[in-house]
file model.cif (mmCIF, N, CA and C atoms and all ligand atoms)
data_data
loop_
_atom_site.label_atom_id
_atom_site.label_comp_id
_atom_site.auth_asym_id
_atom_site.auth_seq_id
_atom_site.Cartn_x
_atom_site.Cartn_y
_atom_site.Cartn_z
N MET U 19 -54.85 -78.92 56.81
CA MET U 19 -55.17 -77.60 56.26
C MET U 19 -56.39 -77.01 56.97
N ILE U 20 -56.25 -75.79 57.45
CA ILE U 20 -57.36 -75.11 58.09
C ILE U 20 -57.75 -73.94 57.21
N ARG U 21 -59.05 -73.81 56.97
CA ARG U 21 -59.52 -72.69 56.16
C ARG U 21 -60.33 -71.74 57.01
N GLY U 22 -60.35 -70.49 56.57
CA GLY U 22 -61.17 -69.52 57.28
C GLY U 22 -61.38 -68.30 56.44
N GLY U 23 -62.13 -67.35 56.99
CA GLY U 23 -62.38 -66.13 56.25
C GLY U 23 -63.24 -65.18 57.05
N CYS U 24 -63.50 -64.04 56.44
CA CYS U 24 -64.27 -62.98 57.10
C CYS U 24 -65.76 -63.20 56.92
N LEU U 25 -66.55 -62.35 57.54
CA LEU U 25 -68.01 -62.47 57.51
C LEU U 25 -68.57 -62.38 56.10
N CYS U 26 -68.08 -61.47 55.28
CA CYS U 26 -68.66 -61.30 53.93
C CYS U 26 -68.11 -62.29 52.93
N GLY U 27 -67.09 -63.04 53.31
CA GLY U 27 -66.51 -64.02 52.39
C GLY U 27 -65.50 -63.42 51.42
N GLY U 28 -65.29 -62.12 51.50
CA GLY U 28 -64.36 -61.47 50.58
C GLY U 28 -62.92 -61.88 50.82
N VAL U 29 -62.57 -62.07 52.10
CA VAL U 29 -61.21 -62.50 52.44
C VAL U 29 -61.25 -63.96 52.85
N ARG U 30 -60.40 -64.77 52.21
CA ARG U 30 -60.30 -66.19 52.54
C ARG U 30 -58.83 -66.53 52.74
N TYR U 31 -58.57 -67.44 53.68
CA TYR U 31 -57.18 -67.85 53.92
C TYR U 31 -57.09 -69.35 54.17
N GLU U 32 -55.90 -69.88 54.08
CA GLU U 32 -55.60 -71.27 54.40
C GLU U 32 -54.38 -71.31 55.29
N ILE U 33 -54.41 -72.23 56.25
CA ILE U 33 -53.28 -72.40 57.17
C ILE U 33 -52.74 -73.82 57.02
N SER U 34 -51.44 -73.91 56.89
CA SER U 34 -50.77 -75.20 56.93
C SER U 34 -49.74 -75.12 58.04
N GLY U 35 -49.23 -76.24 58.49
CA GLY U 35 -48.23 -76.19 59.54
C GLY U 35 -48.86 -76.17 60.91
N ASP U 36 -48.01 -76.05 61.91
CA ASP U 36 -48.46 -76.20 63.29
C ASP U 36 -48.96 -74.89 63.89
N LEU U 37 -49.98 -75.03 64.72
CA LEU U 37 -50.44 -73.90 65.52
C LEU U 37 -49.73 -74.00 66.85
N SER U 38 -49.13 -72.90 67.30
CA SER U 38 -48.30 -73.03 68.50
C SER U 38 -49.06 -72.76 69.79
N GLU U 39 -50.12 -71.99 69.74
CA GLU U 39 -50.80 -71.62 70.98
C GLU U 39 -52.16 -71.04 70.68
N MET U 40 -53.10 -71.23 71.61
CA MET U 40 -54.39 -70.55 71.53
C MET U 40 -54.64 -69.91 72.88
N CYS U 41 -55.07 -68.66 72.89
CA CYS U 41 -55.32 -68.02 74.17
C CYS U 41 -56.39 -66.95 74.07
N TYR U 42 -56.93 -66.63 75.23
CA TYR U 42 -57.89 -65.53 75.37
C TYR U 42 -57.14 -64.28 75.78
N CYS U 43 -57.45 -63.15 75.15
CA CYS U 43 -56.84 -61.89 75.56
C CYS U 43 -57.92 -60.94 76.07
N HIS U 44 -57.67 -60.44 77.27
CA HIS U 44 -58.65 -59.55 77.93
C HIS U 44 -58.22 -58.09 77.91
N CYS U 45 -57.22 -57.74 77.10
CA CYS U 45 -56.75 -56.34 77.11
C CYS U 45 -57.83 -55.42 76.57
N GLN U 46 -57.74 -54.17 76.97
CA GLN U 46 -58.80 -53.25 76.59
C GLN U 46 -58.81 -52.97 75.08
N MET U 47 -57.63 -53.03 74.47
CA MET U 47 -57.60 -52.80 73.02
C MET U 47 -58.31 -53.91 72.27
N CYS U 48 -58.11 -55.16 72.67
CA CYS U 48 -58.85 -56.26 72.05
C CYS U 48 -60.35 -56.10 72.30
N ARG U 49 -60.70 -55.72 73.53
CA ARG U 49 -62.12 -55.56 73.84
C ARG U 49 -62.77 -54.53 72.92
N ARG U 50 -62.08 -53.42 72.73
CA ARG U 50 -62.65 -52.39 71.86
C ARG U 50 -62.63 -52.80 70.39
N ALA U 51 -61.52 -53.41 69.98
CA ALA U 51 -61.38 -53.80 68.57
C ALA U 51 -62.44 -54.83 68.17
N HIS U 52 -62.69 -55.80 69.08
CA HIS U 52 -63.60 -56.89 68.74
C HIS U 52 -65.04 -56.60 69.16
N GLY U 53 -65.22 -55.64 70.06
CA GLY U 53 -66.56 -55.35 70.55
C GLY U 53 -67.09 -56.43 71.47
N THR U 54 -66.19 -57.18 72.08
CA THR U 54 -66.55 -58.30 72.96
C THR U 54 -65.72 -58.22 74.24
N PRO U 55 -66.09 -58.94 75.29
CA PRO U 55 -65.33 -58.84 76.54
C PRO U 55 -63.91 -59.37 76.44
N PHE U 56 -63.61 -60.19 75.44
CA PHE U 56 -62.25 -60.73 75.26
C PHE U 56 -62.11 -61.16 73.81
N SER U 57 -60.88 -61.42 73.40
CA SER U 57 -60.63 -61.97 72.07
C SER U 57 -60.03 -63.35 72.23
N ASN U 58 -59.98 -64.10 71.15
CA ASN U 58 -59.37 -65.43 71.18
C ASN U 58 -58.55 -65.60 69.91
N TYR U 59 -57.28 -65.97 70.10
CA TYR U 59 -56.34 -66.03 68.98
C TYR U 59 -55.60 -67.36 68.95
N VAL U 60 -55.10 -67.66 67.76
CA VAL U 60 -54.19 -68.78 67.59
C VAL U 60 -52.89 -68.25 66.99
N ALA U 61 -51.77 -68.69 67.54
CA ALA U 61 -50.47 -68.23 67.05
C ALA U 61 -49.88 -69.21 66.05
N LEU U 62 -49.25 -68.67 65.02
CA LEU U 62 -48.57 -69.50 64.04
C LEU U 62 -47.50 -68.68 63.33
N ASN U 63 -46.70 -69.39 62.55
CA ASN U 63 -45.69 -68.72 61.77
C ASN U 63 -46.36 -68.04 60.57
N PRO U 64 -46.00 -66.76 60.30
CA PRO U 64 -46.67 -66.07 59.19
C PRO U 64 -46.55 -66.77 57.84
N ARG U 65 -45.48 -67.56 57.65
CA ARG U 65 -45.38 -68.21 56.33
C ARG U 65 -46.33 -69.39 56.19
N ASP U 66 -46.99 -69.78 57.29
CA ASP U 66 -47.97 -70.87 57.21
C ASP U 66 -49.39 -70.38 56.93
N ARG U 67 -49.57 -69.09 56.78
CA ARG U 67 -50.89 -68.55 56.43
C ARG U 67 -50.83 -67.93 55.05
N ARG U 68 -51.75 -68.41 54.19
CA ARG U 68 -51.78 -67.93 52.81
C ARG U 68 -53.17 -67.39 52.52
N TYR U 69 -53.23 -66.17 51.99
CA TYR U 69 -54.53 -65.63 51.57
C TYR U 69 -54.87 -66.19 50.21
N THR U 70 -56.09 -66.74 50.09
CA THR U 70 -56.51 -67.31 48.81
C THR U 70 -57.48 -66.39 48.09
N ARG U 71 -58.00 -65.40 48.78
CA ARG U 71 -58.90 -64.44 48.14
C ARG U 71 -58.93 -63.14 48.96
N GLY U 72 -59.09 -62.03 48.27
CA GLY U 72 -59.45 -60.77 48.91
C GLY U 72 -58.33 -60.04 49.64
N GLU U 73 -57.09 -60.33 49.32
CA GLU U 73 -56.00 -59.64 50.03
C GLU U 73 -56.13 -58.12 49.88
N GLU U 74 -56.71 -57.67 48.78
CA GLU U 74 -56.87 -56.23 48.55
C GLU U 74 -57.91 -55.61 49.49
N LEU U 75 -58.75 -56.45 50.11
CA LEU U 75 -59.77 -55.93 51.03
C LEU U 75 -59.23 -55.75 52.45
N ILE U 76 -58.03 -56.27 52.71
CA ILE U 76 -57.52 -56.26 54.07
C ILE U 76 -57.02 -54.87 54.45
N ALA U 77 -57.57 -54.38 55.55
CA ALA U 77 -57.14 -53.09 56.08
C ALA U 77 -56.31 -53.31 57.33
N ARG U 78 -55.42 -52.37 57.60
CA ARG U 78 -54.53 -52.49 58.75
C ARG U 78 -54.71 -51.30 59.66
N TYR U 79 -54.72 -51.58 60.97
CA TYR U 79 -54.79 -50.51 61.95
C TYR U 79 -53.65 -50.68 62.94
N GLN U 80 -52.81 -49.69 63.03
CA GLN U 80 -51.71 -49.73 63.99
C GLN U 80 -52.26 -49.29 65.35
N SER U 81 -52.48 -50.26 66.25
CA SER U 81 -53.16 -49.95 67.51
C SER U 81 -52.20 -49.54 68.62
N SER U 82 -50.90 -49.78 68.41
CA SER U 82 -49.89 -49.30 69.36
C SER U 82 -48.57 -49.23 68.60
N ALA U 83 -47.53 -48.80 69.27
CA ALA U 83 -46.23 -48.67 68.60
C ALA U 83 -45.76 -50.01 68.04
N GLU U 84 -46.10 -51.13 68.72
CA GLU U 84 -45.62 -52.44 68.28
C GLU U 84 -46.64 -53.23 67.47
N ALA U 85 -47.92 -52.91 67.62
CA ALA U 85 -48.95 -53.85 67.15
C ALA U 85 -49.76 -53.32 65.97
N VAL U 86 -50.05 -54.25 65.05
CA VAL U 86 -50.93 -53.96 63.92
C VAL U 86 -52.06 -54.98 63.93
N ARG U 87 -53.27 -54.49 63.73
CA ARG U 87 -54.45 -55.35 63.66
C ARG U 87 -54.99 -55.29 62.24
N THR U 88 -55.31 -56.44 61.67
CA THR U 88 -55.86 -56.45 60.33
C THR U 88 -57.31 -56.89 60.38
N PHE U 89 -58.08 -56.35 59.43
CA PHE U 89 -59.51 -56.65 59.37
C PHE U 89 -60.00 -56.47 57.95
N CYS U 90 -61.18 -57.01 57.67
CA CYS U 90 -61.76 -56.86 56.34
C CYS U 90 -62.38 -55.47 56.23
N SER U 91 -61.98 -54.73 55.21
CA SER U 91 -62.47 -53.35 55.05
C SER U 91 -63.92 -53.31 54.60
N ARG U 92 -64.46 -54.44 54.13
CA ARG U 92 -65.86 -54.45 53.69
C ARG U 92 -66.82 -54.81 54.82
N CYS U 93 -66.51 -55.86 55.58
CA CYS U 93 -67.46 -56.32 56.61
C CYS U 93 -66.97 -56.07 58.03
N GLY U 94 -65.71 -55.70 58.21
CA GLY U 94 -65.22 -55.37 59.55
C GLY U 94 -64.69 -56.54 60.36
N SER U 95 -64.76 -57.76 59.83
CA SER U 95 -64.24 -58.91 60.58
C SER U 95 -62.79 -58.70 60.97
N LYS U 96 -62.47 -58.97 62.23
CA LYS U 96 -61.08 -58.94 62.67
C LYS U 96 -60.40 -60.21 62.19
N LEU U 97 -59.19 -60.06 61.67
CA LEU U 97 -58.50 -61.22 61.09
C LEU U 97 -57.24 -61.60 61.84
N GLU U 98 -56.36 -60.61 62.09
CA GLU U 98 -55.06 -60.94 62.66
C GLU U 98 -54.55 -59.84 63.57
N PHE U 99 -53.64 -60.27 64.42
CA PHE U 99 -52.90 -59.36 65.29
C PHE U 99 -51.42 -59.70 65.12
N GLN U 100 -50.60 -58.68 64.94
CA GLN U 100 -49.16 -58.90 64.82
C GLN U 100 -48.44 -57.88 65.68
N THR U 101 -47.37 -58.33 66.34
CA THR U 101 -46.57 -57.40 67.12
C THR U 101 -45.10 -57.56 66.76
N THR U 102 -44.40 -56.47 66.74
CA THR U 102 -42.97 -56.51 66.40
C THR U 102 -42.18 -57.20 67.51
N LYS U 103 -42.80 -57.40 68.69
CA LYS U 103 -42.13 -58.12 69.78
C LYS U 103 -41.87 -59.58 69.39
N THR U 104 -42.77 -60.16 68.59
CA THR U 104 -42.60 -61.55 68.14
C THR U 104 -42.81 -61.59 66.62
N PRO U 105 -41.79 -61.17 65.86
CA PRO U 105 -41.95 -61.05 64.40
C PRO U 105 -42.15 -62.38 63.67
N ASP U 106 -41.80 -63.49 64.33
CA ASP U 106 -41.98 -64.80 63.68
C ASP U 106 -43.33 -65.42 64.04
N GLU U 107 -44.25 -64.59 64.52
CA GLU U 107 -45.56 -65.09 64.92
C GLU U 107 -46.65 -64.14 64.44
N ILE U 108 -47.76 -64.71 63.96
CA ILE U 108 -48.97 -63.92 63.80
C ILE U 108 -50.05 -64.57 64.64
N TRP U 109 -51.01 -63.78 65.03
CA TRP U 109 -52.11 -64.27 65.85
C TRP U 109 -53.39 -64.14 65.02
N ILE U 110 -53.97 -65.30 64.66
CA ILE U 110 -55.19 -65.31 63.86
C ILE U 110 -56.40 -65.32 64.79
N VAL U 111 -57.39 -64.51 64.49
CA VAL U 111 -58.61 -64.48 65.28
C VAL U 111 -59.37 -65.79 65.04
N SER U 112 -59.51 -66.59 66.11
CA SER U 112 -59.99 -67.96 65.93
C SER U 112 -61.45 -68.03 65.48
N GLY U 113 -62.21 -66.98 65.74
CA GLY U 113 -63.61 -66.98 65.29
C GLY U 113 -63.76 -66.99 63.79
N THR U 114 -62.69 -66.75 63.05
CA THR U 114 -62.79 -66.74 61.58
C THR U 114 -62.53 -68.11 60.95
N PHE U 115 -62.20 -69.13 61.79
CA PHE U 115 -61.96 -70.47 61.23
C PHE U 115 -63.28 -71.10 60.77
N ASP U 116 -63.22 -71.82 59.65
CA ASP U 116 -64.38 -72.59 59.19
C ASP U 116 -64.59 -73.82 60.07
N ASP U 117 -63.49 -74.45 60.41
CA ASP U 117 -63.53 -75.76 61.05
C ASP U 117 -62.76 -75.74 62.36
N ASP U 118 -62.87 -76.84 63.09
CA ASP U 118 -62.15 -76.99 64.35
C ASP U 118 -60.65 -77.07 64.07
N PRO U 119 -59.88 -76.14 64.60
CA PRO U 119 -58.44 -76.16 64.34
C PRO U 119 -57.70 -77.22 65.16
N GLY U 120 -58.41 -77.90 66.06
CA GLY U 120 -57.79 -78.96 66.85
C GLY U 120 -57.21 -78.47 68.16
N ILE U 121 -56.57 -77.34 68.12
CA ILE U 121 -55.91 -76.78 69.31
C ILE U 121 -56.98 -76.19 70.26
N ARG U 122 -56.63 -76.13 71.56
CA ARG U 122 -57.53 -75.53 72.54
C ARG U 122 -56.79 -74.46 73.34
N SER U 123 -57.53 -73.52 73.89
CA SER U 123 -56.93 -72.43 74.65
C SER U 123 -56.26 -72.95 75.91
N THR U 124 -55.11 -72.37 76.22
CA THR U 124 -54.39 -72.78 77.42
C THR U 124 -54.30 -71.66 78.45
N SER U 125 -54.61 -70.44 78.07
CA SER U 125 -54.44 -69.36 79.04
C SER U 125 -55.32 -68.15 78.73
N HIS U 126 -55.43 -67.32 79.77
CA HIS U 126 -56.03 -65.99 79.65
C HIS U 126 -54.91 -64.99 79.88
N ILE U 127 -54.74 -64.04 78.96
CA ILE U 127 -53.71 -63.02 79.16
C ILE U 127 -54.36 -61.65 79.35
N TYR U 128 -53.58 -60.76 79.93
CA TYR U 128 -54.05 -59.39 80.25
C TYR U 128 -55.30 -59.39 81.13
N VAL U 129 -55.34 -60.33 82.08
CA VAL U 129 -56.51 -60.37 82.96
C VAL U 129 -56.55 -59.16 83.90
N ALA U 130 -55.41 -58.46 84.02
CA ALA U 130 -55.42 -57.22 84.82
C ALA U 130 -56.35 -56.18 84.20
N SER U 131 -56.61 -56.30 82.90
CA SER U 131 -57.50 -55.35 82.20
C SER U 131 -58.87 -55.96 81.92
N LYS U 132 -59.15 -57.10 82.53
CA LYS U 132 -60.39 -57.82 82.23
C LYS U 132 -61.64 -56.97 82.48
N ALA U 133 -62.64 -57.16 81.62
CA ALA U 133 -63.92 -56.47 81.81
C ALA U 133 -64.54 -56.93 83.12
N PRO U 134 -64.91 -55.99 84.00
CA PRO U 134 -65.46 -56.41 85.30
C PRO U 134 -66.77 -57.17 85.18
N TRP U 135 -67.47 -57.03 84.07
CA TRP U 135 -68.75 -57.72 83.88
C TRP U 135 -68.58 -59.12 83.30
N PHE U 136 -67.33 -59.51 83.05
CA PHE U 136 -67.09 -60.86 82.57
C PHE U 136 -66.33 -61.66 83.61
N GLU U 137 -66.85 -62.85 83.92
CA GLU U 137 -66.22 -63.71 84.92
C GLU U 137 -65.58 -64.91 84.24
N ILE U 138 -64.30 -65.14 84.53
CA ILE U 138 -63.61 -66.33 84.01
C ILE U 138 -64.01 -67.51 84.87
N THR U 139 -64.59 -68.54 84.26
CA THR U 139 -65.10 -69.68 85.04
C THR U 139 -64.36 -70.98 84.73
N ASP U 140 -63.28 -70.89 83.94
CA ASP U 140 -62.52 -72.12 83.70
C ASP U 140 -61.25 -72.12 84.56
N ASP U 141 -60.45 -73.19 84.44
CA ASP U 141 -59.25 -73.34 85.27
C ASP U 141 -57.96 -73.08 84.50
N LEU U 142 -58.07 -72.43 83.35
CA LEU U 142 -56.86 -72.16 82.56
C LEU U 142 -55.97 -71.16 83.29
N LYS U 143 -54.69 -71.17 82.92
CA LYS U 143 -53.74 -70.24 83.52
C LYS U 143 -54.15 -68.80 83.23
N GLN U 144 -53.90 -67.94 84.20
CA GLN U 144 -54.20 -66.52 84.02
C GLN U 144 -52.92 -65.71 84.22
N TYR U 145 -52.70 -64.76 83.33
CA TYR U 145 -51.56 -63.87 83.42
C TYR U 145 -52.05 -62.43 83.50
N PRO U 146 -51.49 -61.64 84.41
CA PRO U 146 -51.93 -60.24 84.52
C PRO U 146 -51.73 -59.49 83.20
N GLU U 147 -50.60 -59.77 82.54
CA GLU U 147 -50.33 -59.16 81.24
C GLU U 147 -49.99 -60.27 80.24
N GLU U 148 -48.82 -60.15 79.59
CA GLU U 148 -48.45 -61.19 78.62
C GLU U 148 -48.11 -62.49 79.34
N SER U 149 -48.20 -63.60 78.59
CA SER U 149 -47.74 -64.87 79.17
C SER U 149 -46.22 -64.91 79.13
N ASP U 150 -45.64 -65.88 79.80
CA ASP U 150 -44.18 -65.99 79.86
C ASP U 150 -43.60 -66.41 78.52
ZN ZN N 1 -65.32 -59.30 54.75
ZN ZN N 2 -55.46 -58.11 73.59
#
call {"tool": "encode", "arguments": {"input": "model.cif", "output": "structure tokens"}}
result
Amino acid sequence: MIRGGCLCGGVRYEISGDLSEMCYCHCQMCRRAHGTPFSNYVALNPRDRRYTRGEELIARYQSSAEAVRTFCSRCGSKLEFQTTKTPDEIWIVSGTFDDDPGIRSTSHIYVASKAPWFEITDDLKQYPEESD
């Protein structure tokens, strides 16, 4: 069981089941949404994530025709990314985990949009846009 939540503690969640992937996203929308040079997410099946508190605080922003980003309406913490391209997957913002989820990042995606002031210094796979 992995637990996590937003900065103010209003939204809390629990994850059971397997995490399928962790990756860094360098797309400009993530950069703007998170206010950082990149985002980091973990993918899982939506039925393996359960909100234990504060579901009423969750706000949704449709950032493109396919994608919705959720965040805490009180403190602004980014929580999830979902795209209709992969309806059986949600992407949880890994910075909201309380504990080590065990999984490690395997790739950088959307490096074609990478912030020029950020240099990737690891040997993980890089994809210009989405991974395969
Ligand atoms: Zn909050
Ligand atoms: Zn992104």
call {"tool": "select_by_dssp", "arguments": {"input": "model.cif", "residues": "stretch 103-148 of chain U", "states": "strand (DSSP E)", "output": "list in words"}}
result
Ile108, Trp109, Ile110, Val111, Ser125, His126, Ile127, Lys143 and Gln144 of chain U
call {"tool": "closest_residue", "arguments": {"input": "model.cif", "among": "U:Arg92, U:Ser81, U:Glu148, U:Asn63", "to": "U:Met47", "atoms": "all atoms listed in the file"}}
result
U:Ser81
call {"tool": "atom_distance", "arguments": {"input": "model.cif", "atom1": "atom CA of U:Leu97", "atom2": "atom CA of U:Thr124"}}
result
20.4 Å
call {"tool": "closest_atom_pairs", "arguments": {"input": "model.cif", "of": "chain U", "to": "ligand ZN 1 (chain N)", "cutoff": "6.5 Å", "atoms": "all atoms listed in the file", "output": "tab-separated table"}}
result
residue	atom	partner	partner_atom	distance
U:Cys24	C	N:ZN1	ZN	4.5
U:Leu25	N	N:ZN1	ZN	4.3
U:Cys26	N	N:ZN1	ZN	3.6
U:Gly27	N	N:ZN1	ZN	4.4
U:Gly28	N	N:ZN1	ZN	4.3
U:Val29	N	N:ZN1	ZN	4.7
U:Cys90	CA	N:ZN1	ZN	4.6
U:Ser91	N	N:ZN1	ZN	5.7
U:Arg92	C	N:ZN1	ZN	4.7
U:Cys93	N	N:ZN1	ZN	3.7
U:Gly94	N	N:ZN1	ZN	5.0
U:Ser95	N	N:ZN1	ZN	5.3
call {"tool": "residues_near_ligand", "arguments": {"input": "model.cif", "ligand": "ligand ZN 2 (chain N)", "cutoff": "6.5 Å", "atoms": "all atoms listed in the file", "output": "PDB file with N, CA and C atoms, in the coordinates of the input"}}
result
ATOM      1  N   CYS U  43     -57.450 -63.150  75.150  1.00  0.00           N
ATOM      2  CA  CYS U  43     -56.840 -61.890  75.560  1.00  0.00           C
ATOM      3  C   CYS U  43     -57.920 -60.940  76.070  1.00  0.00           C
ATOM      4  N   HIS U  44     -57.670 -60.440  77.270  1.00  0.00           N
ATOM      5  CA  HIS U  44     -58.650 -59.550  77.930  1.00  0.00           C
ATOM      6  C   HIS U  44     -58.220 -58.090  77.910  1.00  0.00           C
ATOM      7  N   CYS U  45     -57.220 -57.740  77.100  1.00  0.00           N
ATOM      8  CA  CYS U  45     -56.750 -56.340  77.110  1.00  0.00           C
ATOM      9  C   CYS U  45     -57.830 -55.420  76.570  1.00  0.00           C
ATOM     10  N   GLN U  46     -57.740 -54.170  76.970  1.00  0.00           N
ATOM     11  CA  GLN U  46     -58.800 -53.250  76.590  1.00  0.00           C
ATOM     12  C   GLN U  46     -58.810 -52.970  75.080  1.00  0.00           C
ATOM     13  N   MET U  47     -57.630 -53.030  74.470  1.00  0.00           N
ATOM     14  CA  MET U  47     -57.600 -52.800  73.020  1.00  0.00           C
ATOM     15  C   MET U  47     -58.310 -53.910  72.270  1.00  0.00           C
ATOM     16  N   CYS U  48     -58.110 -55.160  72.670  1.00  0.00           N
ATOM     17  CA  CYS U  48     -58.850 -56.260  72.050  1.00  0.00           C
ATOM     18  C   CYS U  48     -60.350 -56.100  72.300  1.00  0.00           C
ATOM     19  N   ARG U  49     -60.700 -55.720  73.530  1.00  0.00           N
ATOM     20  CA  ARG U  49     -62.120 -55.560  73.840  1.00  0.00           C
ATOM     21  C   ARG U  49     -62.770 -54.530  72.920  1.00  0.00           C
ATOM     22  N   SER U  57     -60.880 -61.420  73.400  1.00  0.00           N
ATOM     23  CA  SER U  57     -60.630 -61.970  72.070  1.00  0.00           C
ATOM     24  C   SER U  57     -60.030 -63.350  72.230  1.00  0.00           C
TER      25      SER U  57
END
call {"tool": "closest_residue", "arguments": {"input": "model.cif", "among": "U:Ala83, U:Met40, U:Ile20, U:Val129", "to": "U:Pro146", "atoms": "all atoms listed in the file"}}
result
U:Val129
call {"tool": "residues_around", "arguments": {"input": "model.cif", "residues": "U:Tyr42", "least_positions_apart": "6", "cutoff": "8 Å", "atoms": "all atoms listed in the file", "output": "list in words"}}
result
Phe56, Ser57, Asn58, Tyr59, Val60, Ser123, Thr124, Ser125, His126, Ile127, Tyr128 and Val129 of chain U
call {"tool": "atom_distance", "arguments": {"input": "model.cif", "atom1": "atom CA of U:Tyr69", "atom2": "atom C of U:Gly113"}}
result
15.4 Å
call {"tool": "closest_residue", "arguments": {"input": "model.cif", "among": "U:Val111, U:Val86, U:Leu75, U:Ala130", "to": "U:Cys41", "atoms": "only C-alpha atoms"}}
result
U:Val111
call {"tool": "axis_aligned_box", "arguments": {"input": "model.cif", "around": "stretch 102-111 of chain U", "padding_each_side": "3 Å", "output": "JSON"}}
result
{"center_x": -50.6, "center_y": -61.1, "center_z": 66.7, "size_x": 23.6, "size_y": 15.3, "size_z": 12.1}
call {"tool": "select_by_dssp", "arguments": {"input": "model.cif", "residues": "chain U", "states": "helix (DSSP H, G or I)", "output": "ChimeraX atom specification"}}
result
/U:46-52,64-66,73-75,112-114,129-131
call {"tool": "residues_around", "arguments": {"input": "model.cif", "residues": "U:Ala61", "least_positions_apart": "3", "cutoff": "10 Å", "atoms": "only C-alpha atoms", "output": "list in words"}}
result
Asp36, Leu37, Ser38, Glu39, Met40, Cys41, Pro64, Glu98, Phe99, Gln100, Asp106, Glu107, Ile108, Trp109, Ile110, Val111 and Ser112 of chain U
call {"tool": "closest_residue", "arguments": {"input": "model.cif", "among": "U:Arg71, U:Arg30, U:Lys132, U:Arg87", "to": "U:Ala51", "atoms": "only C-alpha atoms"}}
result
U:Arg87
call {"tool": "atom_distance", "arguments": {"input": "model.cif", "atom1": "atom N of U:Glu137", "atom2": "atom N of U:Glu84"}}
result
28.3 Å
